[in-house]
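> To be precise about what I am sending: the file is called final.cif and holds mmCIF, C-alpha atoms and all ligand atoms.
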data_coords
loop_
_atom_site.label_atom_id
_atom_site.label_comp_id
_atom_site.auth_asym_id
_atom_site.auth_seq_id
_atom_site.Cartn_x
_atom_site.Cartn_y
_atom_site.Cartn_z
CA MET A 1 0.00 0.00 0.00
CA THR A 2 1.48 3.36 -0.95
CA GLY A 3 1.22 6.29 1.41
CA ASP A 4 -1.17 8.29 -0.72
CA GLU A 5 -3.47 5.39 -1.49
CA ARG A 6 -6.73 5.81 0.41
CA ARG A 7 -7.17 3.01 2.92
CA CYS A 8 -10.06 0.70 2.21
CA LEU A 9 -11.96 -1.72 4.43
CA LEU A 10 -14.34 -4.17 2.75
CA LEU A 11 -16.97 -6.09 4.72
CA VAL A 12 -18.94 -9.05 3.41
CA HIS A 13 -22.25 -9.58 5.23
CA ALA A 14 -25.20 -11.85 4.53
CA HIS A 15 -28.32 -9.80 5.36
CA PRO A 16 -29.43 -6.24 6.02
CA ASP A 17 -28.83 -5.54 9.77
CA ASP A 18 -25.83 -7.90 10.12
CA GLU A 19 -23.57 -4.92 9.40
CA CYS A 20 -24.86 -3.10 12.50
CA LEU A 21 -24.99 -5.96 14.96
CA ALA A 22 -21.55 -7.36 14.28
CA THR A 23 -19.57 -4.47 12.91
CA GLY A 24 -21.52 -1.19 13.25
CA GLY A 25 -18.93 0.44 15.51
CA THR A 26 -16.11 -0.67 13.23
CA ILE A 27 -17.83 0.82 10.18
CA ALA A 28 -18.54 4.13 11.94
CA ARG A 29 -15.02 4.42 13.37
CA TYR A 30 -13.21 3.81 10.12
CA ALA A 31 -15.64 5.95 8.12
CA ASP A 32 -14.80 8.80 10.54
CA GLU A 33 -11.10 8.16 10.05
CA GLY A 34 -11.50 8.71 6.32
CA VAL A 35 -11.23 5.05 5.36
CA HIS A 36 -13.18 4.01 2.26
CA VAL A 37 -15.65 1.56 3.83
CA VAL A 38 -17.22 -0.86 1.36
CA LEU A 39 -20.12 -3.02 2.51
CA VAL A 40 -21.09 -6.02 0.40
CA THR A 41 -24.49 -7.35 1.48
CA CYS A 42 -25.29 -10.65 -0.22
CA THR A 43 -29.07 -10.89 0.21
CA ASN A 44 -32.03 -8.55 0.57
CA GLY A 45 -33.20 -10.21 3.79
CA GLU A 46 -36.55 -11.47 2.51
CA ALA A 47 -36.82 -14.42 4.89
CA GLY A 48 -36.55 -12.91 8.36
CA GLU A 49 -39.40 -12.38 10.79
CA ILE A 50 -41.31 -9.15 10.35
CA ALA A 51 -41.96 -6.56 13.05
CA ASP A 52 -45.16 -4.51 13.08
CA VAL A 53 -44.51 -1.18 11.38
CA PRO A 54 -48.02 0.23 10.85
CA GLU A 55 -46.87 3.16 8.69
CA LEU A 56 -45.52 0.64 6.17
CA GLY A 57 -48.83 -1.20 6.03
CA SER A 58 -50.08 -4.54 7.27
CA ARG A 59 -47.76 -7.50 7.82
CA ASP A 60 -48.91 -8.97 4.50
CA GLU A 61 -48.25 -5.72 2.67
CA ILE A 62 -44.79 -5.52 4.21
CA ALA A 63 -44.10 -9.18 3.40
CA ALA A 64 -45.02 -8.60 -0.24
CA ARG A 65 -42.16 -6.11 -0.72
CA LEU A 66 -39.89 -7.05 2.15
CA GLY A 67 -36.65 -7.21 0.16
CA GLU A 68 -37.21 -3.72 -1.21
CA ILE A 69 -38.03 -2.34 2.25
CA ARG A 70 -35.00 -3.97 3.84
CA VAL A 71 -32.66 -2.61 1.19
CA GLU A 72 -33.96 0.89 2.00
CA GLU A 73 -33.49 0.19 5.73
CA LEU A 74 -29.93 -0.93 5.03
CA LYS A 75 -29.16 2.23 3.09
CA GLU A 76 -30.59 4.38 5.89
CA ALA A 77 -28.59 2.43 8.50
CA CYS A 78 -25.42 3.03 6.46
CA ARG A 79 -26.20 6.76 6.18
CA ARG A 80 -26.39 6.80 9.99
CA LEU A 81 -23.10 4.90 10.41
CA GLY A 82 -21.10 7.20 8.14
CA PRO A 83 -20.20 7.28 4.51
CA VAL A 84 -20.47 3.66 3.41
CA ASP A 85 -20.05 2.41 -0.16
CA VAL A 86 -22.90 -0.12 -0.24
CA ARG A 87 -22.73 -2.92 -2.80
CA LEU A 88 -25.83 -5.10 -2.99
CA LEU A 89 -25.47 -8.52 -4.55
CA GLY A 90 -29.27 -8.85 -4.47
CA TYR A 91 -29.49 -12.57 -3.76
CA HIS A 92 -32.60 -13.98 -2.11
CA ASP A 93 -32.40 -14.65 1.63
CA SER A 94 -32.22 -18.44 2.23
CA GLY A 95 -33.76 -18.39 5.69
CA MET A 96 -32.62 -20.49 8.62
CA ALA A 97 -31.32 -24.03 8.10
CA GLY A 98 -34.16 -26.52 7.83
CA THR A 99 -36.81 -23.98 6.79
CA PRO A 100 -38.61 -24.37 3.42
CA SER A 101 -37.09 -21.14 2.03
CA ASN A 102 -33.73 -22.94 2.19
CA ASN A 103 -34.80 -25.18 -0.66
CA ALA A 104 -36.15 -22.42 -2.88
CA PRO A 105 -34.23 -22.28 -6.17
CA GLU A 106 -33.72 -18.52 -5.83
CA ALA A 107 -32.19 -18.85 -2.33
CA PHE A 108 -28.62 -17.52 -2.05
CA VAL A 109 -27.36 -20.96 -0.97
CA ASN A 110 -28.71 -22.50 -4.18
CA GLN A 111 -27.14 -19.93 -6.49
CA SER A 112 -23.80 -20.41 -8.23
CA LEU A 113 -20.94 -19.97 -5.77
CA ASP A 114 -18.55 -19.15 -8.61
CA GLU A 115 -20.75 -16.34 -9.82
CA ALA A 116 -20.95 -14.75 -6.35
CA VAL A 117 -17.18 -15.17 -5.89
CA GLY A 118 -16.53 -13.53 -9.25
CA ARG A 119 -18.75 -10.57 -8.41
CA VAL A 120 -17.05 -9.98 -5.05
CA ALA A 121 -13.58 -10.46 -6.57
CA ALA A 122 -14.46 -7.72 -9.09
CA ILE A 123 -15.47 -5.40 -6.23
CA ILE A 124 -12.14 -6.20 -4.49
CA ASP A 125 -10.22 -5.37 -7.66
CA GLU A 126 -12.15 -2.13 -8.07
CA THR A 127 -11.89 -0.90 -4.46
CA ARG A 128 -8.52 -2.46 -3.46
CA PRO A 129 -9.14 -3.06 0.25
CA ALA A 130 -6.20 -3.65 2.59
CA VAL A 131 -8.55 -5.40 5.01
CA ILE A 132 -11.53 -7.69 4.48
CA VAL A 133 -14.00 -8.59 7.25
CA THR A 134 -16.53 -11.42 7.22
CA TYR A 135 -17.75 -14.32 9.40
CA ASN A 136 -15.84 -17.44 10.37
CA GLU A 137 -16.50 -20.79 8.68
CA PHE A 138 -19.56 -21.35 10.92
CA GLY A 139 -21.03 -18.09 9.68
CA PHE A 140 -20.77 -16.86 13.28
CA TYR A 141 -23.95 -18.66 14.32
CA GLY A 142 -24.63 -21.23 11.62
CA HIS A 143 -27.08 -19.43 9.31
CA PRO A 144 -26.61 -20.93 5.81
CA ASP A 145 -26.33 -17.47 4.20
CA HIS A 146 -23.62 -16.47 6.67
CA ILE A 147 -21.65 -19.63 5.91
CA ARG A 148 -22.09 -18.88 2.23
CA ALA A 149 -20.95 -15.27 2.73
CA HIS A 150 -17.81 -16.58 4.47
CA ARG A 151 -17.05 -18.93 1.58
CA VAL A 152 -17.64 -16.19 -0.98
CA ALA A 153 -15.42 -13.70 0.84
CA VAL A 154 -12.55 -16.15 1.33
CA ALA A 155 -12.64 -17.41 -2.25
CA ALA A 156 -13.03 -13.89 -3.70
CA ARG A 157 -9.93 -12.74 -1.80
CA GLU A 158 -8.01 -15.59 -3.44
CA GLU A 159 -9.47 -14.97 -6.88
CA ALA A 160 -8.99 -11.19 -7.00
CA ALA A 161 -5.89 -9.83 -8.66
CA HIS A 162 -5.60 -7.26 -5.86
CA ARG A 163 -4.13 -8.81 -2.74
CA ALA A 164 -5.97 -7.75 0.43
CA SER A 165 -3.34 -7.94 3.18
CA LYS A 166 -5.59 -9.09 6.00
CA LEU A 167 -8.78 -11.10 6.44
CA TYR A 168 -10.68 -10.95 9.72
CA TYR A 169 -13.62 -12.88 11.14
CA ASN A 170 -15.89 -11.01 13.51
CA ALA A 171 -16.17 -12.74 16.86
CA ALA A 172 -17.88 -12.54 20.24
CA PRO A 173 -15.71 -13.54 23.22
CA LYS A 174 -17.41 -16.12 25.43
CA SER A 175 -16.75 -13.97 28.51
CA LEU A 176 -18.68 -11.07 26.98
CA LEU A 177 -21.66 -13.25 26.05
CA LEU A 178 -21.74 -14.73 29.55
CA GLN A 179 -21.61 -11.23 31.01
CA GLY A 180 -24.47 -10.23 28.69
CA ARG A 181 -26.53 -13.15 29.99
CA GLU A 182 -26.06 -11.97 33.55
CA MET A 183 -26.93 -8.42 32.65
CA ALA A 184 -30.00 -9.49 30.71
CA GLU A 185 -31.44 -10.86 33.93
CA GLN A 186 -30.76 -7.60 35.76
CA PHE A 187 -32.77 -5.72 33.15
CA GLY A 188 -35.72 -8.04 33.04
CA VAL A 189 -34.81 -9.92 29.87
CA SER A 190 -34.74 -13.67 30.24
CA PRO A 191 -31.12 -14.85 29.89
CA ASP A 192 -32.15 -17.43 27.29
CA ASP A 193 -33.82 -14.69 25.24
CA PHE A 194 -30.37 -13.16 25.06
CA PHE A 195 -28.20 -16.27 24.50
CA SER A 196 -28.56 -19.73 26.03
CA LEU A 197 -25.46 -21.38 27.50
CA ASP A 198 -25.50 -23.84 24.58
CA GLU A 199 -25.61 -20.98 22.09
CA ILE A 200 -22.73 -19.24 23.85
CA GLU A 201 -20.70 -22.46 23.67
CA ARG A 202 -21.48 -22.72 19.95
CA ILE A 203 -21.07 -19.14 18.76
CA GLY A 204 -18.67 -17.67 21.32
CA THR A 205 -14.94 -17.51 20.71
CA GLU A 206 -12.48 -18.41 23.45
CA ASP A 207 -11.13 -15.11 24.78
CA ALA A 208 -7.56 -16.25 24.14
CA ALA A 209 -8.33 -16.75 20.43
CA ILE A 210 -9.39 -13.11 19.93
CA THR A 211 -6.57 -11.34 18.07
CA THR A 212 -8.08 -7.88 17.78
CA ALA A 213 -10.29 -5.76 20.02
CA LEU A 214 -11.47 -2.50 18.52
CA ASP A 215 -12.52 0.33 20.81
CA VAL A 216 -15.75 1.66 19.34
CA SER A 217 -17.16 3.15 22.55
CA ALA A 218 -17.43 6.57 20.88
CA TYR A 219 -19.67 5.04 18.20
CA VAL A 220 -22.16 3.05 20.25
CA ASP A 221 -24.90 5.67 19.89
CA ARG A 222 -24.48 5.69 16.12
CA LYS A 223 -24.55 1.91 16.07
CA PHE A 224 -27.88 1.87 17.88
CA ARG A 225 -29.31 4.65 15.72
CA ALA A 226 -28.33 2.59 12.69
CA LEU A 227 -29.86 -0.53 14.21
CA GLU A 228 -33.11 1.38 14.71
CA ALA A 229 -33.23 2.03 10.96
CA HIS A 230 -33.91 -1.69 10.49
CA ARG A 231 -37.50 -1.17 11.55
CA THR A 232 -38.97 -4.36 10.10
CA GLN A 233 -36.43 -6.65 11.79
CA LEU A 234 -37.47 -8.71 14.76
CA GLY A 235 -35.57 -11.07 16.98
CA THR A 236 -31.93 -10.32 17.68
CA THR A 237 -32.22 -6.69 16.67
CA GLU A 238 -35.09 -6.21 19.06
CA ALA A 239 -33.18 -7.97 21.85
CA PHE A 240 -30.24 -5.61 21.37
CA LEU A 241 -32.48 -2.56 21.30
CA ARG A 242 -33.75 -3.60 24.72
CA ILE A 243 -30.27 -3.16 26.20
CA PRO A 244 -30.65 -0.08 28.43
CA GLU A 245 -28.77 3.00 27.27
CA SER A 246 -26.84 3.15 30.54
CA VAL A 247 -24.99 -0.09 29.82
CA ARG A 248 -24.73 0.04 26.04
CA ALA A 249 -21.23 1.57 25.97
CA MET A 250 -19.96 -1.11 28.31
CA ALA A 251 -21.74 -3.97 26.54
CA MET A 252 -21.22 -2.85 22.95
CA GLY A 253 -18.20 -0.54 23.12
CA THR A 254 -15.70 -3.09 21.82
CA GLU A 255 -15.90 -5.15 18.63
CA HIS A 256 -13.78 -8.27 18.44
CA TYR A 257 -12.07 -10.07 15.59
CA VAL A 258 -9.93 -13.06 14.81
CA LEU A 259 -7.21 -12.59 12.18
CA ALA A 260 -7.49 -15.43 9.67
CA GLY A 261 -4.34 -17.51 9.70
CA GLY A 262 -3.39 -16.18 13.15
CA GLY A 263 -0.10 -14.45 13.74
CA ALA A 264 -1.52 -11.52 15.71
CA THR A 265 -2.32 -10.84 19.31
CA GLY A 266 -3.50 -7.81 21.25
CA GLU A 267 -4.24 -5.75 18.15
CA THR A 268 -6.39 -2.63 18.60
CA ASP A 269 -6.69 -1.62 14.93
CA LEU A 270 -7.58 -3.70 11.86
CA PHE A 271 -4.91 -1.83 9.89
CA GLU A 272 -2.19 -2.45 12.47
CA GLY A 273 1.15 -3.24 10.84
CA LEU A 274 0.04 -2.18 7.36
ZN ZN A 301 -27.77 -12.43 8.95
#
Please, can you express the file's structure as structure tokens?

Amino acid sequence: MTGDERRCLLLVHAHPDDECLATGGTIARYADEGVHVVLVTCTNGEAGEIADVPELGSRDEIAARLGEIRVEELKEACRRLGPVDVRLLGYHDSGMAGTPSNNAPEAFVNQSLDEAVGRVAAIIDETRPAVIVTYNEFGFYGHPDHIRAHRVAVAAREEAAHRASKLYYNAAPKSLLLQGREMAEQFGVSPDDFFSLDEIERIGTEDAAITTALDVSAYVDRKFRALEAHRTQLGTTEAFLRIPESVRAMAMGTEHYVLAGGGATGETDLFEGL
């Protein structure tokens, strides 16, 4: 990377709202630092549960144009996070493993992997990121689209002519998830509505395996404002929005990553060493 080349961070996410939950603080921080932040979102999020948003119409009316609505929500969320170069691949949300939408021919998981890899590789060659961020091989929590997004990101990095120096997987330290469970109880949310112990075992990363902890405490408000833009999302988003403001900075003020291939420890910046 030459000194005058603008730094670029490229994130590959599966659905609208994943960018906020996992990496909203990271996006806001680097956007503020003048980094060219590129967000690739693979699907339009058509399969998730739908929250009541009366001004958008009835549930059925929302369902009928859900992808379109969620793309608009994503764009609004990105406006709130900072300048973000949003690239929509426009695939159809596959839904959770075992659900009928998983078998639909148009589902992201049933589309050509090579085609998706080629499209992301072209974006890498155009934007020349030094750092790429995506999920680990379990897609963080096992959603088929997240696993697919991981595979696409990893293969696209290999296929692109431009060599991105670093690849990171977003991660949640087990200690933080366990702490969240305890706090959930204090604020009247059932611990299992937050994360069950089994889920924490499955999706949490051993603290010692975390290579990079990013201080995003100054961006927690923006992260939540962006999360609120995803008005039709239910479930996890809603659970996070129930976290009282007084503890948000503590609970959400650090975003954690694992450097693919290892070789790092105690990093505080994704561009460290570049
Ligand atoms: Zn997702």
> Need the shell around Val37 (chain A): protein/DNA/RNA residues with any atom at most 7 Å away, counting only C-alpha atoms. Skip same-chain ones fewer than 4 positions apart. Format as number ranges by chain?
A: 8-10, 27, 31, 84-85
> Grab the residues selected above and save them as a PDB file, in the coordinates of the input with C-alpha atoms.

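And here's part_34.pdb as it stands now:
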ATOM      1  CA  CYS A   8     -10.060   0.700   2.210  1.00  0.00           C
ATOM      2  CA  LEU A   9     -11.960  -1.720   4.430  1.00  0.00           C
ATOM      3  CA  LEU A  10     -14.340  -4.170   2.750  1.00  0.00           C
ATOM      4  CA  ILE A  27     -17.830   0.820  10.180  1.00  0.00           C
ATOM      5  CA  ALA A  31     -15.640   5.950   8.120  1.00  0.00           C
ATOM      6  CA  VAL A  84     -20.470   3.660   3.410  1.00  0.00           C
ATOM      7  CA  ASP A  85     -20.050   2.410  -0.160  1.00  0.00           C
TER       8      ASP A  85
END
> As a compact mmCIF listing (two decimals) with C-alpha atoms, keeping the file's coordinate frame, please: every protein or nucleic acid residue near ligand ZN 301 (chain A) (cut-off 10 Å, counting all atoms listed in the file).

# COMPACT_ATOMS: atom_id res chain seq x y z
CA HIS A 13 -22.25 -9.58 5.23
CA ALA A 14 -25.20 -11.85 4.53
CA HIS A 15 -28.32 -9.80 5.36
CA PRO A 16 -29.43 -6.24 6.02
CA ASP A 17 -28.83 -5.54 9.77
CA ASP A 18 -25.83 -7.90 10.12
CA GLU A 19 -23.57 -4.92 9.40
CA LEU A 21 -24.99 -5.96 14.96
CA ALA A 22 -21.55 -7.36 14.28
CA THR A 41 -24.49 -7.35 1.48
CA CYS A 42 -25.29 -10.65 -0.22
CA THR A 43 -29.07 -10.89 0.21
CA GLY A 45 -33.20 -10.21 3.79
CA GLY A 48 -36.55 -12.91 8.36
CA ASP A 93 -32.40 -14.65 1.63
CA GLY A 95 -33.76 -18.39 5.69
CA MET A 96 -32.62 -20.49 8.62
CA GLY A 139 -21.03 -18.09 9.68
CA PHE A 140 -20.77 -16.86 13.28
CA TYR A 141 -23.95 -18.66 14.32
CA GLY A 142 -24.63 -21.23 11.62
CA HIS A 143 -27.08 -19.43 9.31
CA PRO A 144 -26.61 -20.93 5.81
CA ASP A 145 -26.33 -17.47 4.20
CA HIS A 146 -23.62 -16.47 6.67
CA ILE A 147 -21.65 -19.63 5.91
CA ALA A 149 -20.95 -15.27 2.73
CA THR A 236 -31.93 -10.32 17.68
> What does the structure give for the distance between CA of Ala251 (chain A) and CA of Glu267 (chain A), in Å to one decimal?
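Spanning CA of Ala251 (chain A) to CA of Glu267 (chain A) is a straight-line distance of 19.5 Å.
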> A:Ala161, A:Met252, A:Ala208, A:Leu227: which is nearest Ile123 (chain A), counting all atoms listed in the file?
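Checking each candidate against Ile123 (chain A), we get A:Ala161 as the closest.
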> Nearest to Gly188 (chain A): which of A:Glu255, A:Gly90, A:Arg242, A:Glu55 is it, counting all atoms listed in the file?
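Checking each of A:Glu255, A:Gly90, A:Arg242, A:Glu55 against Gly188 (chain A), counting all atoms listed in the file, the winner is A:Arg242.
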> For His256 (chain A), list every protein, DNA or RNA residue within 7 Å, evaluated using only C-alpha atoms, and leave out those in the same chain fewer than 2 positions away; present the list as JSON, numbers by chain.
{"A": [170, 171, 172, 210, 212, 213, 214, 254]}
> Next, write the just-selected residues to a file, as a JSON list (two decimals), keeping the file's coordinate frame, keeping C-alpha atoms as the atom set.

[["chain", "number", "residue", "atom", "x", "y", "z"],
["A", 170, "ASN", "CA", -15.89, -11.01, 13.51],
["A", 171, "ALA", "CA", -16.17, -12.74, 16.86],
["A", 172, "ALA", "CA", -17.88, -12.54, 20.24],
["A", 210, "ILE", "CA", -9.39, -13.11, 19.93],
["A", 212, "THR", "CA", -8.08, -7.88, 17.78],
["A", 213, "ALA", "CA", -10.29, -5.76, 20.02],
["A", 214, "LEU", "CA", -11.47, -2.50, 18.52],
["A", 254, "THR", "CA", -15.70, -3.09, 21.82]]
> Env of Ala51 (chain A): 7 Å cut, atoms = all atoms listed in the file, seq-sep filter 6 positions within chain, self excluded. Answer as a list in words.
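Listed by chain and then number, they are Thr232, Gln233 and Leu234 of chain A.
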> Okay, now the selection with C-alpha atoms, as an mmCIF file, keeping the file's coordinate frame?

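part_12.cif written:
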data_model
loop_
_atom_site.group_PDB
_atom_site.id
_atom_site.type_symbol
_atom_site.label_atom_id
_atom_site.label_comp_id
_atom_site.auth_asym_id
_atom_site.auth_seq_id
_atom_site.Cartn_x
_atom_site.Cartn_y
_atom_site.Cartn_z
ATOM 1 C CA THR A 232 -38.970 -4.360 10.100
ATOM 2 C CA GLN A 233 -36.430 -6.650 11.790
ATOM 3 C CA LEU A 234 -37.470 -8.710 14.760
#
> Please determine an axis-aligned box that encloses all atoms of region 90-102 of chain A listed in the file, with 3 Å added on each side, and express its centre and edge lengths in Å to one decimal as AutoDock Vina command-line options.

--center_x -33.9 --center_y -17.7 --center_z 2.1 --size_x 15.3 --size_y 23.7 --size_z 19.1
> Taking (-28.1, -13.9, 30.0) in the file's coordinates, which residues come within 7 Å, counting only C-alpha atoms, written as a compact mmCIF listing (two decimals) with C-alpha atoms, keeping the file's coordinate frame?

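Listing of result.txt after writing:
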# COMPACT_ATOMS: atom_id res chain seq x y z
CA LEU A 178 -21.74 -14.73 29.55
CA GLY A 180 -24.47 -10.23 28.69
CA ARG A 181 -26.53 -13.15 29.99
CA GLU A 182 -26.06 -11.97 33.55
CA MET A 183 -26.93 -8.42 32.65
CA ALA A 184 -30.00 -9.49 30.71
CA GLU A 185 -31.44 -10.86 33.93
CA SER A 190 -34.74 -13.67 30.24
CA PRO A 191 -31.12 -14.85 29.89
CA ASP A 192 -32.15 -17.43 27.29
CA PHE A 194 -30.37 -13.16 25.06
CA PHE A 195 -28.20 -16.27 24.50
